[in-house]
file my_file.txt (compact mmCIF, C-alpha atoms and all ligand atoms)
# COMPACT_ATOMS: atom_id res chain seq x y z
CA MET B 81 391.17 90.12 223.37
CA VAL B 82 388.37 89.53 225.84
CA LYS B 83 389.28 87.79 229.07
CA GLY B 84 388.73 88.45 232.74
CA VAL B 85 385.70 89.97 234.44
CA GLY B 86 383.30 92.26 232.62
CA VAL B 87 379.97 93.97 233.11
CA GLY B 88 376.95 94.53 230.91
CA PHE B 89 377.15 98.12 229.67
CA ARG B 90 374.57 100.56 231.02
CA LEU B 91 373.96 104.22 230.26
CA ASP B 92 374.64 104.91 233.95
CA PHE B 93 378.33 104.27 233.15
CA VAL B 94 378.61 107.32 230.90
CA GLY B 95 380.62 109.92 232.78
CA GLN B 96 382.34 107.21 234.85
CA GLU B 97 384.67 106.00 232.09
CA GLU B 98 387.83 106.15 234.19
CA LEU B 99 386.28 104.17 237.06
CA VAL B 100 384.89 101.57 234.67
CA ARG B 101 388.27 101.16 232.96
CA GLN B 102 389.95 100.67 236.35
CA HIS B 103 387.66 97.85 237.37
CA VAL B 104 386.55 95.87 234.34
CA ASP B 105 388.40 93.89 231.71
CA PHE B 106 385.63 94.19 229.12
CA LEU B 107 382.09 95.43 228.56
CA GLU B 108 379.16 93.62 227.01
CA TYR B 109 376.93 95.84 224.88
CA SER B 110 373.31 94.79 224.32
CA GLN B 111 372.44 95.70 220.75
CA LYS B 112 369.08 97.41 220.47
CA ARG B 113 369.69 100.59 218.53
CA ALA B 114 370.78 102.05 215.22
CA LEU B 115 374.44 102.82 214.68
CA GLU B 116 374.32 106.55 215.48
CA ALA B 117 372.74 105.86 218.89
CA VAL B 118 375.31 103.14 219.60
CA LYS B 119 378.14 105.57 218.77
CA ALA B 120 376.64 108.20 221.07
CA GLU B 121 376.28 105.75 223.98
CA LEU B 122 379.48 103.80 223.67
CA GLY B 123 381.76 106.47 222.21
CA PRO B 124 384.01 107.10 225.24
CA PHE B 125 384.59 103.36 225.72
CA ILE B 126 385.38 102.35 222.13
CA GLY B 127 389.06 101.56 221.80
CA GLN B 128 389.50 102.03 225.57
CA VAL B 129 388.08 98.72 226.79
CA PRO B 130 387.30 95.51 224.84
CA ILE B 131 383.59 95.17 224.00
CA VAL B 132 381.54 92.08 223.11
CA VAL B 133 378.12 92.49 221.52
CA HIS B 134 374.98 90.78 222.82
CA SER B 135 372.05 90.58 220.41
CA LEU B 136 368.48 90.54 221.71
CA ASN B 137 366.11 90.43 218.79
CA LEU B 138 367.15 88.01 216.06
CA SER B 139 364.90 85.19 217.32
CA LEU B 140 367.17 82.52 215.84
CA GLY B 141 364.71 79.76 216.73
CA SER B 142 361.91 81.17 214.54
CA ILE B 143 361.16 79.45 211.26
CA GLU B 144 361.58 82.79 209.45
CA ALA B 145 365.11 84.11 209.06
CA PRO B 146 366.02 87.25 211.06
CA ALA B 147 365.12 90.52 209.32
CA ASP B 148 367.98 91.89 207.21
CA TYR B 149 367.88 95.32 208.89
CA ARG B 150 368.41 93.75 212.31
CA VAL B 151 371.33 91.67 211.10
CA GLU B 152 372.80 94.76 209.44
CA ALA B 153 372.47 96.83 212.65
CA LEU B 154 374.19 94.04 214.58
CA LYS B 155 376.99 93.85 212.02
CA GLN B 156 377.53 97.62 212.12
CA THR B 157 377.80 97.57 215.92
CA ALA B 158 380.12 94.55 215.95
CA ASP B 159 382.32 96.24 213.32
CA LEU B 160 382.27 99.54 215.21
CA VAL B 161 383.66 98.00 218.40
CA ASP B 162 385.58 95.23 216.59
CA ALA B 163 383.86 92.65 218.77
CA PRO B 164 385.81 89.39 219.16
CA TRP B 165 382.46 87.60 219.17
CA VAL B 166 378.72 88.25 219.04
CA SER B 167 376.18 86.42 221.18
CA GLU B 168 372.46 85.76 220.80
CA HIS B 169 369.91 83.66 222.68
CA LEU B 170 369.08 80.05 221.88
CA SER B 171 365.37 80.79 221.79
CA TYR B 172 362.63 82.44 219.78
CA SER B 173 360.58 85.55 220.41
CA ARG B 174 358.80 86.00 217.09
CA SER B 175 356.29 84.11 214.99
CA GLY B 176 355.19 85.77 211.77
CA ASP B 177 354.14 89.32 212.65
CA MET B 178 353.89 88.60 216.37
CA GLU B 179 356.82 89.42 218.62
CA ILE B 180 357.22 89.40 222.38
CA ASP B 181 359.83 91.02 224.60
CA ASN B 182 361.03 87.74 226.06
CA PHE B 183 363.00 84.65 225.14
CA ILE B 184 361.08 81.40 224.73
CA ALA B 185 363.04 78.16 224.95
CA LEU B 186 362.84 75.86 221.93
CA PRO B 187 361.46 72.33 221.79
CA TYR B 188 364.42 69.99 222.10
CA THR B 189 363.93 68.30 218.75
CA ASP B 190 365.90 67.65 215.55
CA GLU B 191 363.55 69.98 213.64
CA ALA B 192 364.39 72.86 216.00
CA ILE B 193 368.11 72.06 215.68
CA ASP B 194 367.92 72.25 211.88
CA VAL B 195 366.08 75.61 211.97
CA VAL B 196 368.37 77.33 214.46
CA VAL B 197 371.58 75.92 212.97
CA GLY B 198 370.57 77.20 209.51
CA HIS B 199 370.11 80.72 210.87
CA ILE B 200 373.37 80.62 212.86
CA VAL B 201 375.45 79.47 209.90
CA ALA B 202 374.03 82.29 207.73
CA LEU B 203 374.58 84.84 210.53
CA LYS B 204 378.18 83.76 211.04
CA GLN B 205 378.85 84.24 207.36
CA THR B 206 377.27 87.72 207.32
CA LEU B 207 378.97 88.95 210.49
CA GLY B 208 382.33 87.35 209.79
CA ARG B 209 382.73 86.82 213.53
CA PRO B 210 382.30 83.90 215.95
CA ILE B 211 378.80 83.42 217.40
CA LEU B 212 378.00 82.40 220.98
CA LEU B 213 374.55 81.16 222.01
CA GLU B 214 373.06 81.81 225.43
CA ASN B 215 370.89 79.37 227.40
CA VAL B 216 367.62 81.04 228.43
CA THR B 217 365.31 80.54 231.40
CA HIS B 218 362.20 78.43 230.97
CA SER B 219 359.46 77.13 233.23
CA PHE B 220 358.40 74.12 231.16
CA VAL B 221 359.76 71.71 228.55
CA TRP B 222 357.85 71.50 225.28
CA PRO B 223 355.95 68.24 224.78
CA GLY B 224 357.59 66.21 222.01
CA SER B 225 361.13 67.13 223.11
CA VAL B 226 363.46 64.19 222.49
CA TYR B 227 366.63 65.57 224.10
CA THR B 228 367.53 67.04 227.46
CA GLU B 229 368.36 70.75 227.43
CA GLY B 230 372.08 70.02 227.78
CA GLU B 231 372.05 67.45 224.98
CA PHE B 232 370.06 69.82 222.74
CA ILE B 233 372.56 72.62 223.33
CA ARG B 234 375.48 70.27 222.62
CA ARG B 235 373.99 69.24 219.28
CA VAL B 236 373.29 72.84 218.23
CA LEU B 237 376.78 74.06 219.18
CA GLU B 238 378.52 71.21 217.39
CA LYS B 239 376.38 71.33 214.25
CA ALA B 240 376.62 75.13 213.93
CA ASP B 241 380.24 75.18 215.15
CA CYS B 242 379.72 77.97 217.65
CA GLY B 243 380.39 78.72 221.30
CA LEU B 244 378.26 78.84 224.44
CA LEU B 245 377.52 81.92 226.49
CA LEU B 246 376.61 80.02 229.63
CA ASP B 247 374.27 82.01 231.84
CA VAL B 248 375.00 80.39 235.19
CA THR B 249 372.06 82.09 236.88
CA ASN B 250 369.69 80.85 234.16
CA LEU B 251 371.08 77.33 234.62
CA PHE B 252 370.53 77.52 238.37
CA LEU B 253 366.97 78.83 237.99
CA ASN B 254 366.06 76.23 235.34
CA ALA B 255 367.46 73.41 237.48
CA GLU B 256 365.37 74.61 240.43
CA THR B 257 362.20 75.25 238.40
CA ILE B 258 362.26 72.20 236.12
CA GLY B 259 363.86 69.99 238.75
CA TYR B 260 367.17 68.67 237.45
CA ASP B 261 370.74 68.49 238.67
CA PRO B 262 372.76 71.40 237.20
CA LEU B 263 375.78 69.11 237.04
CA SER B 264 373.92 66.77 234.65
CA PHE B 265 373.47 69.79 232.36
CA LEU B 266 377.12 70.78 232.72
CA ASN B 267 378.25 67.24 231.98
CA ALA B 268 376.17 67.18 228.78
CA ILE B 269 377.48 70.38 227.18
CA PRO B 270 380.85 70.51 225.34
CA ARG B 271 383.13 72.14 227.89
CA ASP B 272 385.58 73.44 225.31
CA ARG B 273 382.81 75.55 223.77
CA VAL B 274 382.03 77.50 226.96
CA LEU B 275 383.57 80.89 226.11
CA GLN B 276 381.70 83.41 228.26
CA LEU B 277 379.61 83.35 231.44
CA HIS B 278 376.72 85.49 232.62
CA VAL B 279 376.04 85.76 236.35
CA ALA B 280 373.42 87.90 238.05
CA GLY B 281 371.25 88.16 241.13
CA HIS B 282 367.72 86.75 240.89
CA THR B 283 364.44 87.23 242.73
CA GLU B 284 361.64 85.03 244.02
CA GLN B 285 357.99 86.05 243.86
CA ASN B 286 355.05 83.85 244.87
CA GLY B 287 357.30 80.80 244.72
CA GLU B 288 358.54 81.59 241.18
CA LEU B 289 362.16 82.42 240.40
CA TYR B 290 363.04 85.26 238.03
CA ASP B 291 366.31 86.19 236.33
CA SER B 292 365.74 89.80 237.26
CA HIS B 293 369.42 90.82 237.10
CA VAL B 294 369.39 92.42 240.54
CA GLY B 295 372.45 92.92 242.72
CA GLY B 296 373.58 90.18 245.12
CA ILE B 297 374.54 86.94 243.39
CA ASP B 298 373.25 83.81 245.17
CA PRO B 299 376.05 81.76 246.81
CA LYS B 300 374.78 78.67 244.96
CA VAL B 301 375.22 80.50 241.65
CA LEU B 302 378.73 81.51 242.72
CA ALA B 303 379.47 77.86 243.60
CA LEU B 304 378.32 76.77 240.13
CA THR B 305 380.46 79.53 238.61
CA GLU B 306 383.45 78.12 240.48
CA TRP B 307 382.69 74.64 239.14
CA VAL B 308 382.56 75.96 235.59
CA MET B 309 385.81 77.92 235.94
CA ASN B 310 387.47 74.84 237.42
CA ASN B 311 386.20 72.44 234.76
CA THR B 312 386.26 74.44 231.52
CA SER B 313 388.71 76.77 229.80
CA CYS B 314 386.20 79.66 229.84
CA ASP B 315 388.07 82.91 230.35
CA ALA B 316 385.36 85.58 230.59
CA ILE B 317 382.86 86.19 233.39
CA THR B 318 380.18 88.86 232.82
CA ILE B 319 377.94 90.39 235.46
CA GLU B 320 374.46 91.32 234.28
CA ARG B 321 372.75 94.06 236.24
CA ASP B 322 369.53 95.75 235.17
CA THR B 323 367.95 97.04 238.38
CA ASP B 324 368.94 98.71 241.67
CA MET B 325 371.66 100.57 239.89
CA GLU B 326 372.36 104.26 239.73
CA SER B 327 376.08 104.30 239.15
CA PHE B 328 378.94 101.94 238.41
CA GLU B 329 379.82 101.68 242.13
CA ASP B 330 376.63 99.68 242.69
CA VAL B 331 378.07 96.72 240.81
CA LEU B 332 381.44 96.67 242.60
CA GLN B 333 380.42 94.18 245.29
CA ASP B 334 379.34 91.56 242.76
CA LEU B 335 382.36 92.41 240.63
CA ASN B 336 384.69 91.67 243.54
CA LEU B 337 383.03 88.30 244.16
CA CYS B 338 383.46 87.30 240.52
CA ARG B 339 387.01 88.59 240.36
CA ALA B 340 387.94 86.49 243.39
CA ILE B 341 386.64 83.40 241.54
CA TYR B 342 388.40 84.40 238.33
CA ASN B 343 391.71 84.96 240.09
CA LYS B 344 391.42 81.60 241.88
CA TYR B 345 391.27 79.65 238.60
CA ARG B 346 393.02 81.88 236.05
CA ASN B 347 396.07 84.11 235.94
CA ALA B 348 395.27 87.23 237.92
CA SER B 349 396.20 89.57 235.10
CA ALA B 350 393.09 91.66 235.60
CA PRO B 351 393.08 95.16 237.06
CA ALA B 352 393.34 95.33 240.84
CA VAL B 353 390.10 96.24 242.61
FE FE A 401 371.04 87.56 227.39
FE FE A 402 372.17 86.27 230.50

call {"tool": "encode", "arguments": {"input": "my_file.txt", "output": "structure tokens"}}
result
Amino acid sequence: MVKGVGVGFRLDFVGQEELVRQHVDFLEYSQKRALEAVKAELGPFIGQVPIVVHSLNLSLGSIEAPADYRVEALKQTADLVDAPWVSEHLSYSRSGDMEIDNFIALPYTDEAIDVVVGHIVALKQTLGRPILLENVTHSFVWPGSVYTEGEFIRRVLEKADCGLLLDVTNLFLNAETIGYDPLSFLNAIPRDRVLQLHVAGHTEQNGELYDSHVGGIDPKVLALTEWVMNNTSCDAITIERDTDMESFEDVLQDLNLCRAIYNKYRNASAPAV
């Protein structure tokens, strides 16, 4: 069962298993490697703390279906940790032989919905586990889009019958960059499908905002997180942290902020900090 406050797994956590177990309710593992490497990295945590699996490279918005070997690696990892769900990004990062290390938002069209829903339905069947989709950052909206981002996400989730991994920081950055009210997005998505949150610190460079996953979550992102916890039944908050981190202690400050929000809106059954 995954509920409470979790953290994205990092190799820095190895050797700090006891501390991690004391402070988090679950871990999120980003799937990038073959099974033997996953076992070596995650070994001490498997069976000790619930783990959800976050996929990075299926490119569900591409016309071409995800490569079988990638789906198989994801399935092996999800089976290894008995993940209650698997998440992937609502985006594409591959076209034919070309692939980039980033997530590109889709055009908000019926054609894109049909493509991504087809891949999700097939993936669900192969994995035999629920799928969550994550909203990604974007700095423009494709010409020809006929839906808002929130309406597009609603249609995909309902047609594919899957959940939303709502990245609150991404929502905040998109609202600032594109220029929309985050509450209009939140009012468009199906609230009962919000099953997991991502929150992280972000950075600003030359007037551009980046979801850089640094420490120090913006108070406006925390306020949006409170709104979501107050207005949905979502029961899992995840902190993403990719920089400024040498050990698990570095994430404790953000963890405490998120736990305070969690405990305000849900039963405080989580470990004491
Ligand atoms: Fe992600
Ligand atoms: Fe995220």

call {"tool": "closest_residue", "arguments": {"input": "my_file.txt", "among": "B:Ala255, B:Val129, B:Ile319, B:Ile233", "to": "ligand FE 401 (chain A)", "atoms": "all atoms listed in the file"}}
result
B:Ile319

call {"tool": "residues_near_point", "arguments": {"input": "my_file.txt", "point": "(365.7, 72.5, 228.7)", "cutoff": "8 Å", "atoms": "only C-alpha atoms", "output": "tab-separated table (two decimals) with C-alpha atoms, in the frame of the given file"}}
result
chain	number	residue	atom	x	y	z
B	185	ALA	CA	363.04	78.16	224.95
B	188	TYR	CA	364.42	69.99	222.10
B	218	HIS	CA	362.20	78.43	230.97
B	220	PHE	CA	358.40	74.12	231.16
B	221	VAL	CA	359.76	71.71	228.55
B	228	THR	CA	367.53	67.04	227.46
B	229	GLU	CA	368.36	70.75	227.43
B	230	GLY	CA	372.08	70.02	227.78
B	232	PHE	CA	370.06	69.82	222.74
B	254	ASN	CA	366.06	76.23	235.34

call {"tool": "closest_residue", "arguments": {"input": "my_file.txt", "among": "B:Ile317, B:Leu304, B:Ile211, B:Ala280", "to": "ligand FE 402 (chain A)", "atoms": "all atoms listed in the file"}}
result
B:Ala280

call {"tool": "closest_residue", "arguments": {"input": "my_file.txt", "among": "B:Val104, B:Leu277, B:Val331, B:Leu186", "to": "ligand FE 401 (chain A)", "atoms": "all atoms listed in the file"}}
result
B:Leu277

call {"tool": "atom_distance", "arguments": {"input": "my_file.txt", "atom1": "CA of Ser171 in chain B", "atom2": "CA of Val216 in chain B"}}
result
7.0 Å

call {"tool": "residues_near_point", "arguments": {"input": "my_file.txt", "point": "(389.8, 103.4, 239.3)", "cutoff": "12 Å", "atoms": "all atoms listed in the file", "output": "JSON, numbers by chain"}}
result
{"B": [96, 97, 98, 99, 100, 101, 102, 103, 104, 328, 329, 332, 351, 352, 353]}

call {"tool": "residues_near_ligand", "arguments": {"input": "my_file.txt", "ligand": "ligand FE 401 (chain A)", "cutoff": "7 Å", "atoms": "only C-alpha atoms and all ligand atoms", "output": "PyMOL selection string"}}
result
chain B and resi 134+136+168-169+214

call {"tool": "residues_near_ligand", "arguments": {"input": "my_file.txt", "ligand": "ligand FE 402 (chain A)", "cutoff": "12 Å", "atoms": "all atoms listed in the file", "output": "ChimeraX atom specification"}}
result
/B:87-88,108,110,134-136,167-170,183,212-217,244-253,276-282,290-293,317-322

call {"tool": "closest_residue", "arguments": {"input": "my_file.txt", "among": "B:Gly208, B:Gly176, B:Pro164, B:Pro146", "to": "Lys83 in chain B", "atoms": "all atoms listed in the file"}}
result
B:Pro164

call {"tool": "closest_residue", "arguments": {"input": "my_file.txt", "among": "B:Leu107, B:Ile297, B:Leu160, B:Ile180", "to": "Leu138 in chain B", "atoms": "only C-alpha atoms"}}
result
B:Ile180

call {"tool": "atom_distance", "arguments": {"input": "my_file.txt", "atom1": "CA of Leu335 in chain B", "atom2": "CA of Thr283 in chain B"}}
result
18.8 Å

call {"tool": "closest_residue", "arguments": {"input": "my_file.txt", "among": "B:Phe106, B:Thr312, B:Val151, B:Asn286", "to": "Asn137 in chain B", "atoms": "only C-alpha atoms"}}
result
B:Val151

call {"tool": "atom_distance", "arguments": {"input": "my_file.txt", "atom1": "CA of Ala158 in chain B", "atom2": "CA of Leu115 in chain B"}}
result
10.1 Å

call {"tool": "residues_around", "arguments": {"input": "my_file.txt", "residues": "Cys338 in chain B", "least_positions_apart": "4", "cutoff": "8 Å", "atoms": "all atoms listed in the file", "output": "number ranges by chain"}}
result
B: 85, 302, 317, 334, 342

call {"tool": "write_last_selection", "arguments": {"input": "my_file.txt", "atoms": "C-alpha atoms", "output": "PDB file, keeping the file's coordinate frame"}}
result
ATOM      1  CA  VAL B  85     385.700  89.970 234.440  1.00  0.00           C
ATOM      2  CA  LEU B 302     378.730  81.510 242.720  1.00  0.00           C
ATOM      3  CA  ILE B 317     382.860  86.190 233.390  1.00  0.00           C
ATOM      4  CA  ASP B 334     379.340  91.560 242.760  1.00  0.00           C
ATOM      5  CA  TYR B 342     388.400  84.400 238.330  1.00  0.00           C
TER       6      TYR B 342
END

call {"tool": "decode", "arguments": {"input": "my_file.txt", "residues": "range 125-152 of chain B", "atoms": "N, CA and C atoms", "output": "PDB file, in the first residue's frame"}}
result
ATOM      1  N   PHE B 125      16.201  -2.054   0.091  1.00  0.00           N
ATOM      2  CA  PHE B 125      14.904  -1.407   0.346  1.00  0.00           C
ATOM      3  C   PHE B 125      13.717  -2.292  -0.041  1.00  0.00           C
ATOM      4  N   ILE B 126      13.980  -3.295  -0.884  1.00  0.00           N
ATOM      5  CA  ILE B 126      12.875  -4.132  -1.374  1.00  0.00           C
ATOM      6  C   ILE B 126      12.289  -4.933  -0.216  1.00  0.00           C
ATOM      7  N   GLY B 127      10.982  -4.818  -0.061  1.00  0.00           N
ATOM      8  CA  GLY B 127      10.309  -5.527   1.025  1.00  0.00           C
ATOM      9  C   GLY B 127      10.364  -4.761   2.337  1.00  0.00           C
ATOM     10  N   GLN B 128      11.168  -3.709   2.396  1.00  0.00           N
ATOM     11  CA  GLN B 128      11.307  -2.915   3.620  1.00  0.00           C
ATOM     12  C   GLN B 128      10.456  -1.656   3.575  1.00  0.00           C
ATOM     13  N   VAL B 129      10.295  -1.112   2.370  1.00  0.00           N
ATOM     14  CA  VAL B 129       9.513   0.115   2.199  1.00  0.00           C
ATOM     15  C   VAL B 129       8.783  -0.006   0.854  1.00  0.00           C
ATOM     16  N   PRO B 130       7.497   0.420   0.793  1.00  0.00           N
ATOM     17  CA  PRO B 130       6.773   0.321  -0.488  1.00  0.00           C
ATOM     18  C   PRO B 130       7.488   1.144  -1.569  1.00  0.00           C
ATOM     19  N   ILE B 131       7.460   0.633  -2.797  1.00  0.00           N
ATOM     20  CA  ILE B 131       8.155   1.296  -3.905  1.00  0.00           C
ATOM     21  C   ILE B 131       7.218   1.405  -5.101  1.00  0.00           C
ATOM     22  N   VAL B 132       7.093   2.622  -5.655  1.00  0.00           N
ATOM     23  CA  VAL B 132       6.389   2.802  -6.928  1.00  0.00           C
ATOM     24  C   VAL B 132       7.447   3.025  -8.005  1.00  0.00           C
ATOM     25  N   VAL B 133       7.106   2.682  -9.237  1.00  0.00           N
ATOM     26  CA  VAL B 133       8.082   2.734 -10.327  1.00  0.00           C
ATOM     27  C   VAL B 133       7.694   3.836 -11.304  1.00  0.00           C
ATOM     28  N   HIS B 134       8.696   4.664 -11.641  1.00  0.00           N
ATOM     29  CA  HIS B 134       8.500   5.806 -12.535  1.00  0.00           C
ATOM     30  C   HIS B 134       9.294   5.554 -13.808  1.00  0.00           C
ATOM     31  N   SER B 135       8.597   5.453 -14.926  1.00  0.00           N
ATOM     32  CA  SER B 135       9.256   5.160 -16.197  1.00  0.00           C
ATOM     33  C   SER B 135       9.627   6.460 -16.907  1.00  0.00           C
ATOM     34  N   LEU B 136      10.772   6.430 -17.608  1.00  0.00           N
ATOM     35  CA  LEU B 136      11.291   7.651 -18.217  1.00  0.00           C
ATOM     36  C   LEU B 136      11.411   7.594 -19.730  1.00  0.00           C
ATOM     37  N   ASN B 137      11.313   6.412 -20.307  1.00  0.00           N
ATOM     38  CA  ASN B 137      11.737   6.328 -21.711  1.00  0.00           C
ATOM     39  C   ASN B 137      10.771   5.616 -22.649  1.00  0.00           C
ATOM     40  N   LEU B 138       9.502   5.507 -22.289  1.00  0.00           N
ATOM     41  CA  LEU B 138       8.584   4.818 -23.198  1.00  0.00           C
ATOM     42  C   LEU B 138       8.046   5.730 -24.296  1.00  0.00           C
ATOM     43  N   SER B 139       8.088   7.037 -24.075  1.00  0.00           N
ATOM     44  CA  SER B 139       7.614   7.998 -25.080  1.00  0.00           C
ATOM     45  C   SER B 139       6.223   7.605 -25.582  1.00  0.00           C
ATOM     46  N   LEU B 140       5.264   7.606 -24.673  1.00  0.00           N
ATOM     47  CA  LEU B 140       3.921   7.103 -24.999  1.00  0.00           C
ATOM     48  C   LEU B 140       3.195   7.954 -26.035  1.00  0.00           C
ATOM     49  N   GLY B 141       3.674   9.183 -26.253  1.00  0.00           N
ATOM     50  CA  GLY B 141       3.023  10.039 -27.238  1.00  0.00           C
ATOM     51  C   GLY B 141       3.558   9.870 -28.652  1.00  0.00           C
ATOM     52  N   SER B 142       4.601   9.034 -28.828  1.00  0.00           N
ATOM     53  CA  SER B 142       5.127   8.792 -30.176  1.00  0.00           C
ATOM     54  C   SER B 142       4.159   7.920 -30.966  1.00  0.00           C
ATOM     55  N   ILE B 143       4.176   8.094 -32.280  1.00  0.00           N
ATOM     56  CA  ILE B 143       3.332   7.251 -33.125  1.00  0.00           C
ATOM     57  C   ILE B 143       3.714   5.776 -32.936  1.00  0.00           C
ATOM     58  N   GLU B 144       5.051   5.522 -32.921  1.00  0.00           N
ATOM     59  CA  GLU B 144       5.526   4.144 -32.799  1.00  0.00           C
ATOM     60  C   GLU B 144       5.316   3.658 -31.371  1.00  0.00           C
ATOM     61  N   ALA B 145       4.966   2.393 -31.237  1.00  0.00           N
ATOM     62  CA  ALA B 145       4.791   1.807 -29.897  1.00  0.00           C
ATOM     63  C   ALA B 145       6.147   1.747 -29.189  1.00  0.00           C
ATOM     64  N   PRO B 146       6.152   1.755 -27.838  1.00  0.00           N
ATOM     65  CA  PRO B 146       7.416   1.629 -27.104  1.00  0.00           C
ATOM     66  C   PRO B 146       8.110   0.317 -27.457  1.00  0.00           C
ATOM     67  N   ALA B 147       9.445   0.344 -27.450  1.00  0.00           N
ATOM     68  CA  ALA B 147      10.220  -0.864 -27.764  1.00  0.00           C
ATOM     69  C   ALA B 147       9.921  -1.952 -26.738  1.00  0.00           C
ATOM     70  N   ASP B 148       9.819  -3.188 -27.223  1.00  0.00           N
ATOM     71  CA  ASP B 148       9.481  -4.311 -26.339  1.00  0.00           C
ATOM     72  C   ASP B 148      10.482  -4.460 -25.186  1.00  0.00           C
ATOM     73  N   TYR B 149      11.784  -4.251 -25.474  1.00  0.00           N
ATOM     74  CA  TYR B 149      12.780  -4.477 -24.416  1.00  0.00           C
ATOM     75  C   TYR B 149      12.624  -3.465 -23.283  1.00  0.00           C
ATOM     76  N   ARG B 150      12.162  -2.259 -23.629  1.00  0.00           N
ATOM     77  CA  ARG B 150      11.947  -1.256 -22.571  1.00  0.00           C
ATOM     78  C   ARG B 150      10.726  -1.606 -21.725  1.00  0.00           C
ATOM     79  N   VAL B 151       9.684  -2.059 -22.391  1.00  0.00           N
ATOM     80  CA  VAL B 151       8.483  -2.465 -21.646  1.00  0.00           C
ATOM     81  C   VAL B 151       8.818  -3.656 -20.755  1.00  0.00           C
ATOM     82  N   GLU B 152       9.612  -4.582 -21.275  1.00  0.00           N
ATOM     83  CA  GLU B 152       9.981  -5.770 -20.505  1.00  0.00           C
ATOM     84  C   GLU B 152      10.811  -5.385 -19.278  1.00  0.00           C
TER      85      GLU B 152
END
